[in-house]
Amino acid sequence: MIPAQIFNQINDKCTEGLALALASNDDGAVMEFQWCNKAFTTITGYEEAEALGQRGTILIGPDLEQGIHLYIIEKLMNWENFSTKALNNRKNGDVYWQRMSWVHLSDPETGNHWWLCSIIELEEERAEPAKRATNDLEVADQEGYARAVEKVHRLEKENTRLHELAKSVAKDANEDALTGLSNRRHFEVELKTWIENLKQHGTEFAVLYIDLDRFKFVNDTLGHDAGDRLLVSVANMLRDLTDKSDLVARLGGDEFVILKPLGKSALNVSSMADEIVQRMQAPFTFDGKSTACSVSVGVAIAKANMEDPERVVTDSDEALYHAKSQGKGRWSFFTEEMHAKSIATKQLASDLLLACERREFIPYFQPLIDAATGRIACAEMLVRWSHPTKGILAPAAFLDTAANMGVLKRIDEIIFASLHGALTRLDEAGVDLPRVAVNVSAARLADPTFIHDIKSSGINPERLTVEILESVYLDRMGDVVRWTIDELDELGVTIALDDFGTGHASVRGLLEIKPAILKIDRHFIQPVVADESARPLAESIIGIGKSLGMRVVAEGVESEEHAHLVSEMGCDYLQGFYFGRPMSEDDLRDRLIETGGKFWTCGLWGPDSDMSRGLGRAV
Ligand code: C2E
Ligand code: CA
Ligand code: CA
């Protein structure tokens, strides 16, 4: 990374005239200067302010030979790097010898094309420029003259074409084609100016970052035309709400941004954010079909006393993220707290990547008890992050971030790979552990290597339960998931539907997946002891599973009374802190040895009996 202070010195100290021009994607000969250094001004006579935004043709002086002019255009049109020595004019008409070189640069991120133009004044030629120029004219014979006329014609035609193109490019360059709002490029240029004004004159402004909540859904269900229409109507709405002094841009996709001078109070900013959210509550109709598409807005203020006002757009983006996480269809104001949180999330994300590389994830196990016999029927494998400095971390600390980053699949892979070793060691210790259950994320389920990993794991599939979240079905993962579930079934792996009752299309998902086991989410199970009125709901959910011939697991069993109650309600298996918290492999082994596999005497023993001691303790 080159320090900015060093980079900036190119501007002052480099004796070669340098300029950067953004070229049109369609035609390399159409461009606009975006930057030049001091030497460029000294040599060509164009001040930076005059050169910026100008076309490359300002470098074509009246004394530049036509042939060279054509040569330059041709090379530029074909994106070819070249260098040419020629007699040319400065802005004031003075003639001088120069070497002009052009190098094509491309931006892999935006796909934009750039030219780096460098101009050196050739000292040794200085003495006789004028003479050489007139000589050229003198030697022109008849034939040469005809050629020159033809060249001039071609050149004129070329110039008209370039002029037309340049006009459309200048417009395109700043405008979003679909909505006519400013585009990202123009926004960025403007933002720089706004920040400059803030620094120099203290003109504070607000940034409103706007994102549609369900744009993908509209596109997917109503089609792209509808999506385009929606974007245009949002653009019109924003235009309607803003005034001349505001800048409204579409940054791409369904993201919009407004720059608004702050004026005397922030009130006009918050009422504008309110209004945007309000207006988008109205349904959007396309071709007679209507759908709701709310927006979320993040607001941040660029203040005069800010250390780095350049941060303001990121701040507004963080506020937007906050608005989304609070349930969408709302706006949020940026706070330092959000900033701290987002830094923490970024840190967590990078730590997680490292943890995947170092395979820092380990399995914990929680017993599932057979309600009829009180014996262990299964152990659910639950991931823990063995963090190098923070100790053992539960999934709540990292699973959401891992899922957002797309590394949950990798974590599932890592702990699954450790399962065979754990099972072998437990078997060798002579304990009775009939089966294990593993949690599988949607992404892992859609990954064809999952089946392969099971087959090659060395684990007997008959001893394996795969817990699938109810929401997996709702994710419409489609055929791959369906195929994986069928494959698992064929291998003899048991399928359990996890957290039943928390998804939306519960029964539909149930009929689709047809699991052998239904795990009732602990939110239905937990209240039944304290709250009699919660029992009918739990009973009816248990009843759904039973009526479909499934075995039912009660999650979150925390006391003996609880265990009795839910087994009476018909649950076949019980899982919860009462029988044991998730524990390490070594602790599970010790517990199995200690209890001989019998965790509960189904109420045949009282609280003082031998069996009760040591049960339900936290591990
Ligand atoms: P889950 O699959 O529903 O796992 C049961 C969770 O409930 C565990 O939390 C467990 O500690 C907790 N629990 C068990 N009994 C009780 C109880 O009596 N009372 C209360 N209050 N809680 C109880 P844990 O280990 O923190 O896991 C949380 C969730 O993280 C799991 O919920 C599961 O959805 C996910 N998860 C855990 N391990 C993995 C994994 O390896 N892969 C994937 N994809 N997800 C995992
Ligand atoms: Ca589970
Ligand atoms: Ca569960």
# chains A, B, ... in the order shown; residues from 1 in each chain; ligands from 1

call {"tool": "select_by_dssp", "arguments": {"residues": "segment 208-394 of chain A", "states": "helix (DSSP H, G or I)", "output": "JSON, numbers by chain"}}
result
{"A": [215, 216, 217, 218, 219, 220, 221, 222, 224, 225, 226, 227, 228, 229, 230, 231, 232, 233, 234, 235, 236, 237, 238, 239, 240, 241, 267, 268, 269, 270, 271, 272, 273, 274, 275, 276, 277, 278, 279, 309, 310, 311, 312, 313, 314, 315, 316, 317, 318, 319, 320, 321, 322, 323, 324, 325, 336, 337, 338, 339, 340, 341, 342, 343, 344, 345, 346, 347, 348, 349, 350, 351, 352, 353, 354, 355, 356, 357, 358]}

call {"tool": "closest_atom_pairs", "arguments": {"of": "chain A", "to": "ligand 3", "cutoff": "7 Å", "atoms": "only C-alpha atoms and all ligand atoms", "output": "CSV"}}
result
residue,atom,partner,partner_atom_place_in_ligand_line,distance
A:Asp498,CA,ligand 3,1 (Ca),4.8
A:Asp499,CA,ligand 3,1 (Ca),4.3
A:Lys519,CA,ligand 3,1 (Ca),6.3
A:Asp521,CA,ligand 3,1 (Ca),5.7
A:Glu555,CA,ligand 3,1 (Ca),6.5

call {"tool": "residues_around", "arguments": {"residues": "segment 427-439 of chain A", "least_positions_apart": "2", "cutoff": "8 Å", "atoms": "only C-alpha atoms", "output": "ChimeraX atom specification"}}
result
/A:376-382,412,416,423-425,441,463-468,589,592-593,596-597

call {"tool": "write_last_selection", "arguments": {"atoms": "N, CA and C atoms", "output": "short mmCIF file (atom, residue, chain, number, x, y, z; two decimals), in the first residue's frame"}}
result
data_model
loop_
_atom_site.label_atom_id
_atom_site.label_comp_id
_atom_site.auth_asym_id
_atom_site.auth_seq_id
_atom_site.Cartn_x
_atom_site.Cartn_y
_atom_site.Cartn_z
N ILE A 376 -30.83 -43.84 27.95
CA ILE A 376 -30.40 -42.95 26.87
C ILE A 376 -30.74 -43.60 25.52
N ALA A 377 -31.36 -42.83 24.64
CA ALA A 377 -31.72 -43.36 23.33
C ALA A 377 -30.80 -42.79 22.26
N CYS A 378 -30.26 -41.64 22.56
CA CYS A 378 -29.52 -40.92 21.53
C CYS A 378 -28.75 -39.78 22.20
N ALA A 379 -27.70 -39.29 21.53
CA ALA A 379 -27.07 -38.06 22.00
C ALA A 379 -27.05 -37.09 20.84
N GLU A 380 -27.52 -35.88 21.09
CA GLU A 380 -27.50 -34.87 20.03
C GLU A 380 -26.15 -34.17 20.04
N MET A 381 -25.53 -34.14 18.88
CA MET A 381 -24.24 -33.47 18.78
C MET A 381 -24.49 -31.98 18.55
N LEU A 382 -23.92 -31.15 19.39
CA LEU A 382 -24.11 -29.69 19.29
C LEU A 382 -22.74 -29.04 19.21
N ASP A 412 -20.39 -27.42 9.92
CA ASP A 412 -21.07 -28.72 9.99
C ASP A 412 -20.15 -29.84 9.51
N PHE A 416 -18.75 -32.83 11.85
CA PHE A 416 -19.16 -34.17 11.44
C PHE A 416 -17.94 -35.07 11.27
N LEU A 423 -17.30 -41.48 18.40
CA LEU A 423 -18.12 -42.69 18.57
C LEU A 423 -17.25 -43.92 18.84
N THR A 424 -16.16 -44.00 18.10
CA THR A 424 -15.26 -45.15 18.27
C THR A 424 -14.72 -45.19 19.71
N ARG A 425 -14.29 -44.01 20.19
CA ARG A 425 -13.74 -43.96 21.55
C ARG A 425 -14.80 -44.32 22.58
N SER A 441 -27.40 -27.82 8.60
CA SER A 441 -27.90 -26.56 8.06
C SER A 441 -28.46 -26.77 6.65
N ARG A 463 -27.21 -45.83 12.83
CA ARG A 463 -26.99 -45.26 14.16
C ARG A 463 -27.07 -43.73 14.13
N LEU A 464 -27.41 -43.22 12.97
CA LEU A 464 -27.34 -41.77 12.77
C LEU A 464 -28.73 -41.15 12.56
N THR A 465 -28.97 -40.05 13.26
CA THR A 465 -30.18 -39.25 13.00
C THR A 465 -29.70 -37.91 12.46
N VAL A 466 -30.40 -37.43 11.43
CA VAL A 466 -30.08 -36.10 10.92
C VAL A 466 -31.23 -35.17 11.30
N GLU A 467 -30.91 -34.11 12.03
CA GLU A 467 -31.94 -33.15 12.43
C GLU A 467 -32.00 -32.02 11.41
N ILE A 468 -33.18 -31.88 10.85
CA ILE A 468 -33.37 -30.84 9.83
C ILE A 468 -34.30 -29.79 10.41
N ARG A 589 -18.96 -39.66 28.33
CA ARG A 589 -18.47 -41.00 28.64
C ARG A 589 -18.58 -41.27 30.14
N LEU A 592 -22.14 -41.77 31.17
CA LEU A 592 -22.69 -43.06 30.74
C LEU A 592 -22.16 -44.18 31.63
N ILE A 593 -20.91 -44.05 32.02
CA ILE A 593 -20.34 -45.08 32.90
C ILE A 593 -21.04 -45.02 34.26
N GLY A 596 -24.75 -46.09 33.86
CA GLY A 596 -25.00 -47.33 33.12
C GLY A 596 -26.00 -47.10 31.99
N GLY A 597 -26.17 -45.84 31.61
CA GLY A 597 -27.07 -45.53 30.50
C GLY A 597 -28.48 -45.21 30.95
#

call {"tool": "closest_residue", "arguments": {"among": "A:Arg522, A:His224, A:His113, A:Arg55", "to": "ligand 2", "atoms": "only C-alpha atoms and all ligand atoms"}}
result
A:Arg522

call {"tool": "closest_residue", "arguments": {"among": "A:Asp587, A:Ile362, A:Asn460, A:Val566", "to": "ligand 1", "atoms": "only C-alpha atoms and all ligand atoms"}}
result
A:Ile362

call {"tool": "residues_around", "arguments": {"residues": "Leu408 of chain A", "least_positions_apart": "6", "cutoff": "12 Å", "atoms": "only C-alpha atoms", "output": "MDAnalysis selection string"}}
result
chainID A and resid 349 352:353 355:356 361 383 395 398:402 414:415 439:445 447

call {"tool": "atom_distance", "arguments": {"atom1": "atom CA of Ser332 of chain A", "atom2": "atom CA of Gly298 of chain A"}}
result
5.1 Å

call {"tool": "decode", "arguments": {"residues": "segment 64-89 of chain A", "atoms": "N, CA and C atoms", "output": "PDB file, in the first residue's frame"}}
result
ATOM      1  N   LEU A  64      -1.173  19.869 -34.964  1.00  0.00           N
ATOM      2  CA  LEU A  64      -0.868  18.434 -34.924  1.00  0.00           C
ATOM      3  C   LEU A  64      -1.178  17.845 -36.299  1.00  0.00           C
ATOM      4  N   GLU A  65      -0.236  17.097 -36.824  1.00  0.00           N
ATOM      5  CA  GLU A  65      -0.413  16.549 -38.165  1.00  0.00           C
ATOM      6  C   GLU A  65      -1.665  15.669 -38.220  1.00  0.00           C
ATOM      7  N   GLN A  66      -2.443  15.850 -39.303  1.00  0.00           N
ATOM      8  CA  GLN A  66      -3.704  15.116 -39.417  1.00  0.00           C
ATOM      9  C   GLN A  66      -3.501  13.605 -39.331  1.00  0.00           C
ATOM     10  N   GLY A  67      -2.425  13.146 -40.004  1.00  0.00           N
ATOM     11  CA  GLY A  67      -2.156  11.706 -40.006  1.00  0.00           C
ATOM     12  C   GLY A  67      -1.945  11.191 -38.584  1.00  0.00           C
ATOM     13  N   ILE A  68      -1.250  11.980 -37.815  1.00  0.00           N
ATOM     14  CA  ILE A  68      -0.989  11.576 -36.427  1.00  0.00           C
ATOM     15  C   ILE A  68      -2.286  11.611 -35.628  1.00  0.00           C
ATOM     16  N   HIS A  69      -3.088  12.613 -35.935  1.00  0.00           N
ATOM     17  CA  HIS A  69      -4.391  12.715 -35.277  1.00  0.00           C
ATOM     18  C   HIS A  69      -5.206  11.431 -35.522  1.00  0.00           C
ATOM     19  N   LEU A  70      -5.258  11.027 -36.780  1.00  0.00           N
ATOM     20  CA  LEU A  70      -6.017   9.815 -37.127  1.00  0.00           C
ATOM     21  C   LEU A  70      -5.435   8.582 -36.440  1.00  0.00           C
ATOM     22  N   TYR A  71      -4.084   8.553 -36.467  1.00  0.00           N
ATOM     23  CA  TYR A  71      -3.384   7.435 -35.834  1.00  0.00           C
ATOM     24  C   TYR A  71      -3.782   7.339 -34.353  1.00  0.00           C
ATOM     25  N   ILE A  72      -3.816   8.502 -33.696  1.00  0.00           N
ATOM     26  CA  ILE A  72      -4.165   8.521 -32.264  1.00  0.00           C
ATOM     27  C   ILE A  72      -5.588   7.986 -32.061  1.00  0.00           C
ATOM     28  N   ILE A  73      -6.516   8.502 -32.884  1.00  0.00           N
ATOM     29  CA  ILE A  73      -7.917   8.082 -32.726  1.00  0.00           C
ATOM     30  C   ILE A  73      -8.068   6.577 -32.942  1.00  0.00           C
ATOM     31  N   GLU A  74      -7.391   6.096 -33.976  1.00  0.00           N
ATOM     32  CA  GLU A  74      -7.511   4.672 -34.295  1.00  0.00           C
ATOM     33  C   GLU A  74      -7.007   3.808 -33.137  1.00  0.00           C
ATOM     34  N   LYS A  75      -5.844   4.187 -32.603  1.00  0.00           N
ATOM     35  CA  LYS A  75      -5.279   3.415 -31.486  1.00  0.00           C
ATOM     36  C   LYS A  75      -6.226   3.453 -30.279  1.00  0.00           C
ATOM     37  N   LEU A  76      -6.734   4.647 -29.986  1.00  0.00           N
ATOM     38  CA  LEU A  76      -7.613   4.780 -28.829  1.00  0.00           C
ATOM     39  C   LEU A  76      -8.882   3.952 -29.021  1.00  0.00           C
ATOM     40  N   MET A  77      -9.430   4.010 -30.247  1.00  0.00           N
ATOM     41  CA  MET A  77     -10.662   3.269 -30.513  1.00  0.00           C
ATOM     42  C   MET A  77     -10.466   1.775 -30.288  1.00  0.00           C
ATOM     43  N   ASN A  78      -9.263   1.315 -30.566  1.00  0.00           N
ATOM     44  CA  ASN A  78      -8.987  -0.119 -30.437  1.00  0.00           C
ATOM     45  C   ASN A  78      -8.327  -0.487 -29.107  1.00  0.00           C
ATOM     46  N   TRP A  79      -8.333   0.446 -28.182  1.00  0.00           N
ATOM     47  CA  TRP A  79      -7.771   0.205 -26.850  1.00  0.00           C
ATOM     48  C   TRP A  79      -6.305  -0.225 -26.911  1.00  0.00           C
ATOM     49  N   GLU A  80      -5.554   0.307 -27.893  1.00  0.00           N
ATOM     50  CA  GLU A  80      -4.151  -0.095 -28.005  1.00  0.00           C
ATOM     51  C   GLU A  80      -3.249   0.940 -27.345  1.00  0.00           C
ATOM     52  N   ASN A  81      -2.298   0.473 -26.564  1.00  0.00           N
ATOM     53  CA  ASN A  81      -1.318   1.388 -25.986  1.00  0.00           C
ATOM     54  C   ASN A  81      -0.409   1.893 -27.104  1.00  0.00           C
ATOM     55  N   PHE A  82      -0.022   3.138 -27.014  1.00  0.00           N
ATOM     56  CA  PHE A  82       0.884   3.639 -28.052  1.00  0.00           C
ATOM     57  C   PHE A  82       1.617   4.875 -27.551  1.00  0.00           C
ATOM     58  N   SER A  83       2.604   5.261 -28.343  1.00  0.00           N
ATOM     59  CA  SER A  83       3.383   6.431 -27.997  1.00  0.00           C
ATOM     60  C   SER A  83       3.737   7.114 -29.309  1.00  0.00           C
ATOM     61  N   THR A  84       3.625   8.426 -29.349  1.00  0.00           N
ATOM     62  CA  THR A  84       3.918   9.105 -30.607  1.00  0.00           C
ATOM     63  C   THR A  84       4.620  10.438 -30.363  1.00  0.00           C
ATOM     64  N   LYS A  85       5.535  10.740 -31.272  1.00  0.00           N
ATOM     65  CA  LYS A  85       6.247  12.020 -31.161  1.00  0.00           C
ATOM     66  C   LYS A  85       5.609  12.972 -32.165  1.00  0.00           C
ATOM     67  N   ALA A  86       5.262  14.147 -31.737  1.00  0.00           N
ATOM     68  CA  ALA A  86       4.574  15.036 -32.669  1.00  0.00           C
ATOM     69  C   ALA A  86       4.723  16.487 -32.273  1.00  0.00           C
ATOM     70  N   LEU A  87       4.477  17.301 -33.271  1.00  0.00           N
ATOM     71  CA  LEU A  87       4.424  18.730 -33.023  1.00  0.00           C
ATOM     72  C   LEU A  87       2.984  19.033 -32.611  1.00  0.00           C
ATOM     73  N   ASN A  88       2.828  19.798 -31.537  1.00  0.00           N
ATOM     74  CA  ASN A  88       1.456  20.050 -31.081  1.00  0.00           C
ATOM     75  C   ASN A  88       1.366  21.463 -30.521  1.00  0.00           C
ATOM     76  N   ASN A  89       0.177  21.856 -30.135  1.00  0.00           N
ATOM     77  CA  ASN A  89      -0.002  23.198 -29.578  1.00  0.00           C
ATOM     78  C   ASN A  89      -0.404  23.131 -28.113  1.00  0.00           C
TER      79      ASN A  89
END
